[in-house]
Each structure stands twice: as C-alpha cells, then as structure tokens.
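target-v8.csv follows (CSV, C-alpha atoms):
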```csv
chain,number,residue,atom,x,y,z
A,13,MET,CA,217.8,32.9,-10.5
A,14,TRP,CA,219.9,30.0,-9.2
A,15,LEU,CA,221.7,29.6,-12.5
A,16,GLU,CA,222.5,33.3,-12.7
A,17,LEU,CA,224.0,33.2,-9.1
A,18,PHE,CA,225.9,30.1,-10.0
A,19,GLN,CA,227.3,31.5,-13.3
A,20,ARG,CA,228.4,34.7,-11.6
A,21,ASN,CA,230.8,33.0,-9.2
A,22,GLN,CA,230.6,29.2,-9.1
A,23,ALA,CA,233.0,28.7,-6.2
A,24,GLU,CA,231.4,31.3,-4.0
A,25,PHE,CA,227.9,30.0,-4.8
A,26,LEU,CA,228.9,26.4,-3.7
A,27,ARG,CA,230.6,27.8,-0.5
A,28,ARG,CA,227.4,29.6,0.5
A,29,PHE,CA,224.9,26.8,-0.5
A,30,VAL,CA,223.2,25.0,2.4
A,31,THR,CA,220.6,22.3,2.0
A,32,VAL,CA,217.9,21.5,4.5
A,33,ASP,CA,215.9,18.3,4.6
A,34,VAL,CA,213.6,16.6,7.0
A,35,THR,CA,213.5,12.8,7.3
A,36,TRP,CA,212.2,10.0,9.6
A,37,VAL,CA,214.9,8.0,11.3
A,38,HIS,CA,213.8,4.5,12.3
A,39,HIS,CA,215.5,2.9,15.3
A,40,TYR,CA,215.2,0.2,17.9
A,41,THR,CA,217.4,-1.2,20.7
A,42,ARG,CA,218.5,-4.8,20.4
A,43,GLU,CA,218.7,-7.0,23.5
A,44,THR,CA,222.3,-7.2,24.7
A,45,LYS,CA,224.0,-10.6,25.5
A,46,GLN,CA,223.8,-9.8,29.2
A,47,GLN,CA,220.1,-9.1,29.0
A,48,SER,CA,219.4,-12.4,27.1
A,49,LYS,CA,221.2,-14.7,29.5
A,50,GLN,CA,219.0,-17.1,31.5
A,51,ARG,CA,219.8,-19.3,34.5
A,52,THR,CA,219.1,-23.0,34.1
A,53,LEU,CA,219.5,-26.0,36.3
A,54,ARG,CA,222.5,-28.2,35.7
A,55,GLY,CA,221.8,-30.6,32.9
A,56,LYS,CA,218.7,-28.7,31.7
A,57,ARG,CA,218.6,-27.0,28.3
A,58,THR,CA,217.9,-23.3,28.0
A,59,PRO,CA,214.4,-22.6,26.7
A,60,LYS,CA,214.1,-21.6,23.0
A,61,LYS,CA,213.4,-18.0,22.5
A,62,ALA,CA,210.9,-16.7,20.0
A,63,LYS,CA,212.5,-14.4,17.5
A,64,THR,CA,211.1,-10.9,18.1
A,65,ALA,CA,210.6,-8.3,15.4
A,66,PRO,CA,212.2,-4.9,16.2
A,67,SER,CA,209.7,-2.3,17.4
A,68,ALA,CA,209.0,0.4,14.9
A,69,ARG,CA,210.1,3.5,16.6
A,70,LYS,CA,211.0,6.6,14.6
A,71,ILE,CA,212.0,10.2,15.2
A,72,MET,CA,212.0,13.1,12.8
A,73,ALA,CA,215.4,14.7,12.1
A,74,THR,CA,216.1,18.0,10.3
A,75,LEU,CA,219.5,18.0,8.6
A,76,PHE,CA,221.4,21.1,7.5
A,77,TRP,CA,224.4,20.3,5.2
A,78,ASP,CA,226.7,21.6,2.5
A,79,SER,CA,229.3,19.1,1.5
A,80,ARG,CA,229.2,17.8,5.1
A,81,VAL,CA,226.6,17.7,7.8
A,82,ILE,CA,226.5,21.0,9.7
A,83,PHE,CA,223.7,20.3,12.2
A,84,ILE,CA,221.0,17.7,13.0
A,85,ASP,CA,218.0,18.5,15.0
A,86,TYR,CA,215.8,15.7,16.4
A,87,LEU,CA,212.2,16.7,17.0
A,88,ASP,CA,210.9,15.9,20.5
A,89,LYS,CA,208.1,13.3,20.7
A,90,GLY,CA,204.7,14.8,20.4
A,91,ARG,CA,205.9,18.0,18.8
A,92,SER,CA,205.4,19.1,15.2
A,93,ILE,CA,207.3,21.3,12.9
A,94,THR,CA,205.5,24.7,12.8
A,95,GLY,CA,206.6,28.0,11.5
A,96,GLN,CA,207.7,29.1,15.0
A,97,TYR,CA,209.7,25.9,15.6
A,98,TYR,CA,211.4,26.3,12.2
A,99,SER,CA,212.2,30.0,12.9
A,100,ASP,CA,213.8,29.0,16.3
A,101,LEU,CA,215.7,26.3,14.5
A,102,LEU,CA,217.1,28.8,12.0
A,103,GLY,CA,218.4,30.8,15.0
A,104,ARG,CA,220.1,27.7,16.3
A,105,ILE,CA,221.7,26.9,12.9
A,106,GLU,CA,223.1,30.4,12.8
A,107,VAL,CA,225.1,29.6,15.9
A,108,GLU,CA,226.3,26.3,14.4
A,109,LEU,CA,227.3,28.1,11.2
A,110,LYS,CA,229.5,30.5,13.1
A,111,LYS,CA,231.2,27.6,14.9
A,112,LYS,CA,231.6,25.2,12.0
A,113,ARG,CA,231.7,27.3,8.8
A,114,LEU,CA,233.7,30.4,9.7
A,115,HIS,CA,233.7,31.6,6.1
A,116,LEU,CA,229.9,32.0,6.4
A,117,ALA,CA,230.0,34.2,9.5
A,118,LYS,CA,229.5,37.5,7.6
A,119,LYS,CA,228.1,36.1,4.3
A,120,LYS,CA,224.6,35.6,3.1
A,121,VAL,CA,223.8,31.9,3.2
A,122,LEU,CA,221.8,30.4,0.4
A,123,PHE,CA,219.3,28.1,2.0
A,124,HIS,CA,217.6,25.4,-0.2
A,125,TYR,CA,214.7,23.5,1.2
A,126,ASP,CA,211.3,22.2,0.1
A,127,ASN,CA,208.0,24.1,0.1
A,128,ALA,CA,206.7,22.7,3.4
A,129,PRO,CA,204.2,25.0,5.1
A,130,ALA,CA,206.6,25.5,8.1
A,131,HIS,CA,209.5,26.4,5.8
A,132,SER,CA,207.5,28.9,3.8
A,133,SER,CA,205.6,30.4,6.7
A,134,THR,CA,205.8,34.2,7.2
A,135,ILE,CA,207.6,33.8,10.6
A,136,ALA,CA,210.3,31.5,9.0
A,137,ILE,CA,210.8,33.9,6.0
A,138,ALA,CA,211.0,36.9,8.4
A,139,LYS,CA,213.7,35.0,10.4
A,140,LEU,CA,215.7,34.4,7.2
A,141,PHE,CA,215.4,38.1,6.4
A,142,GLU,CA,216.4,39.1,9.9
A,143,LEU,CA,219.5,36.8,9.6
A,144,ARG,CA,220.2,38.3,6.1
A,145,HIS,CA,220.1,34.9,4.4
A,146,GLN,CA,218.5,34.0,1.1
A,147,LEU,CA,216.0,31.3,0.4
A,148,LEU,CA,216.4,29.4,-2.8
A,149,THR,CA,212.9,28.0,-3.2
A,150,HIS,CA,212.3,24.5,-4.4
A,151,PRO,CA,210.5,24.3,-7.8
A,152,PRO,CA,206.8,23.4,-7.4
```
Using structure tokens, write down the structure from this file.
Amino acid sequence: MWLELFQRNQAEFLRRFVTVDVTWVHHYTRETKQQSKQRTLRGKRTPKKAKTAPSARKIMATLFWDSRVIFIDYLDKGRSITGQYYSDLLGRIEVELKKKRLHLAKKKVLFHYDNAPAHSSTIAIAKLFELRHQLLTHPP
C-alpha cells in the first residue's frame, strides 16, 4: 500500500508523510557556579567536594515530524499514554499542522507510527477518521 501511494506521486506522498515516535528524554540540572560557592575563613582552604552523579530523571516525549519537528508533547509525571490521551494529542497536532504546515490544512495526512496499544486503540483510530487522516501502519 505504501509503495503504491509513493509511486503514484512521490513528491505529494513525502509532503503528506508525518512520523510519530515516543521516546524517553533523560535530564538533570547541574549545580551552577553560584550554588557551588562556599564561604571560608581567610587562609583556610575550601573543603573538597565529592563528585556527584547526575540524578536519573526522565520524561516521556511524543514527537511528530516530517523533514523537521512539527510538535513535541511532554507527558506529565504520573500519567500514561492511553487511547484517550493519544486521541486528544491528535486533536492538538491538528492545530499545529494548520499553523506550521499550511499545505496540509486541507489534505489527508499520512501518519506513520508503531503498533503501540494506545496508537491502535479504537478511540485513536476514530479520531484519525474524524480528522480525515490516514494511518500507515508499522509492519508487525
């Protein structure tokens, strides 16, 4: 199916193709120079500081992109990606597409993403159908 769409009109296929991926973003905040300063008495050496390992914080990000990033959604702590969450996210990406990809405002977007349960849930598929977009499923 993909190959047929691509062969029919290569340029148009690539203009309508949007990839979606979910990834963990690891982060930590280093101590600033101001935070690491210590007062000492005149003539005394500053105490040695133990080297600390960065804390392992992470956040889940959902990225929508074509040749450039269109939209990134950061999942709130304690939430999980469900069919309803993903359906709501598709509604938000619709707004971003109209702002950032004017050529897609009245076209059927070809969404490509993996077969995660939230992505292939009936509520997410119904939202794609409502928005008149097409899902290009990932091979099993």
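Using only C-alpha atoms for every distance, the candidate list A:Arg144, A:Trp77, A:Asp126, A:Ser99 yields A:Trp77 as the residue closest to Phe29 (chain A).
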message: Considering only C-alpha atoms, can you say which of A:Ala128, A:Val34, A:Leu114, A:Ile105 comes closest to Tyr86 (chain A)?
response: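 Looking only at the distances to Tyr86 (chain A), the closest residue turns out to be A:Val34.
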field: For Glu24 (chain A), the nearest of the candidates A:Val81, A:Ala138, A:Thr149, A:Lys119, counting only C-alpha atoms
entry: A:Lys119
field: Computed interatomic separation between CA of Gly95 (chain A) and CA of Ala130 (chain A) (Å)
entry: 4.2 Å
task: Work out how far apart CA of Trp14 (chain A) and CA of Ile137 (chain A) are and give it in Å to one decimal.
output: 18.1 Å
12 Å contact set for Leu122 (chain A), all atoms listed in the file, chain neighbours under 5 positions out, as a list of chain:residue names: A:Met13, A:Trp14, A:Leu17, A:Phe18, A:Glu24, A:Phe25, A:Leu26, A:Arg27, A:Arg28, A:Phe29, A:Val30, A:Thr31, A:Val32, A:Phe76, A:Trp77, A:Asp78, A:Leu116, A:Leu140, A:Phe141, A:Leu143, A:Arg144, A:His145, A:Gln146, A:Leu147, A:Leu148, A:Thr149
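Each of A:Ala117, A:Met72, A:Ile82, A:Ala136 was compared to Tyr98 (chain A) using all atoms listed in the file, and A:Ala136 turns out to be the nearest.
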query: Please, what distance in Å, to one decimal, runs between CA of Gln19 (chain A) and CA of Ser79 (chain A)?
result: 19.4 Å
- prompt: Please, which residues are within 12 Å of (204.2, 12.8, 15.9) by the file's coordinates, counting all atoms listed in the file, and could they come as number ranges by chain?
  reply: A: 36, 69-73, 86-93
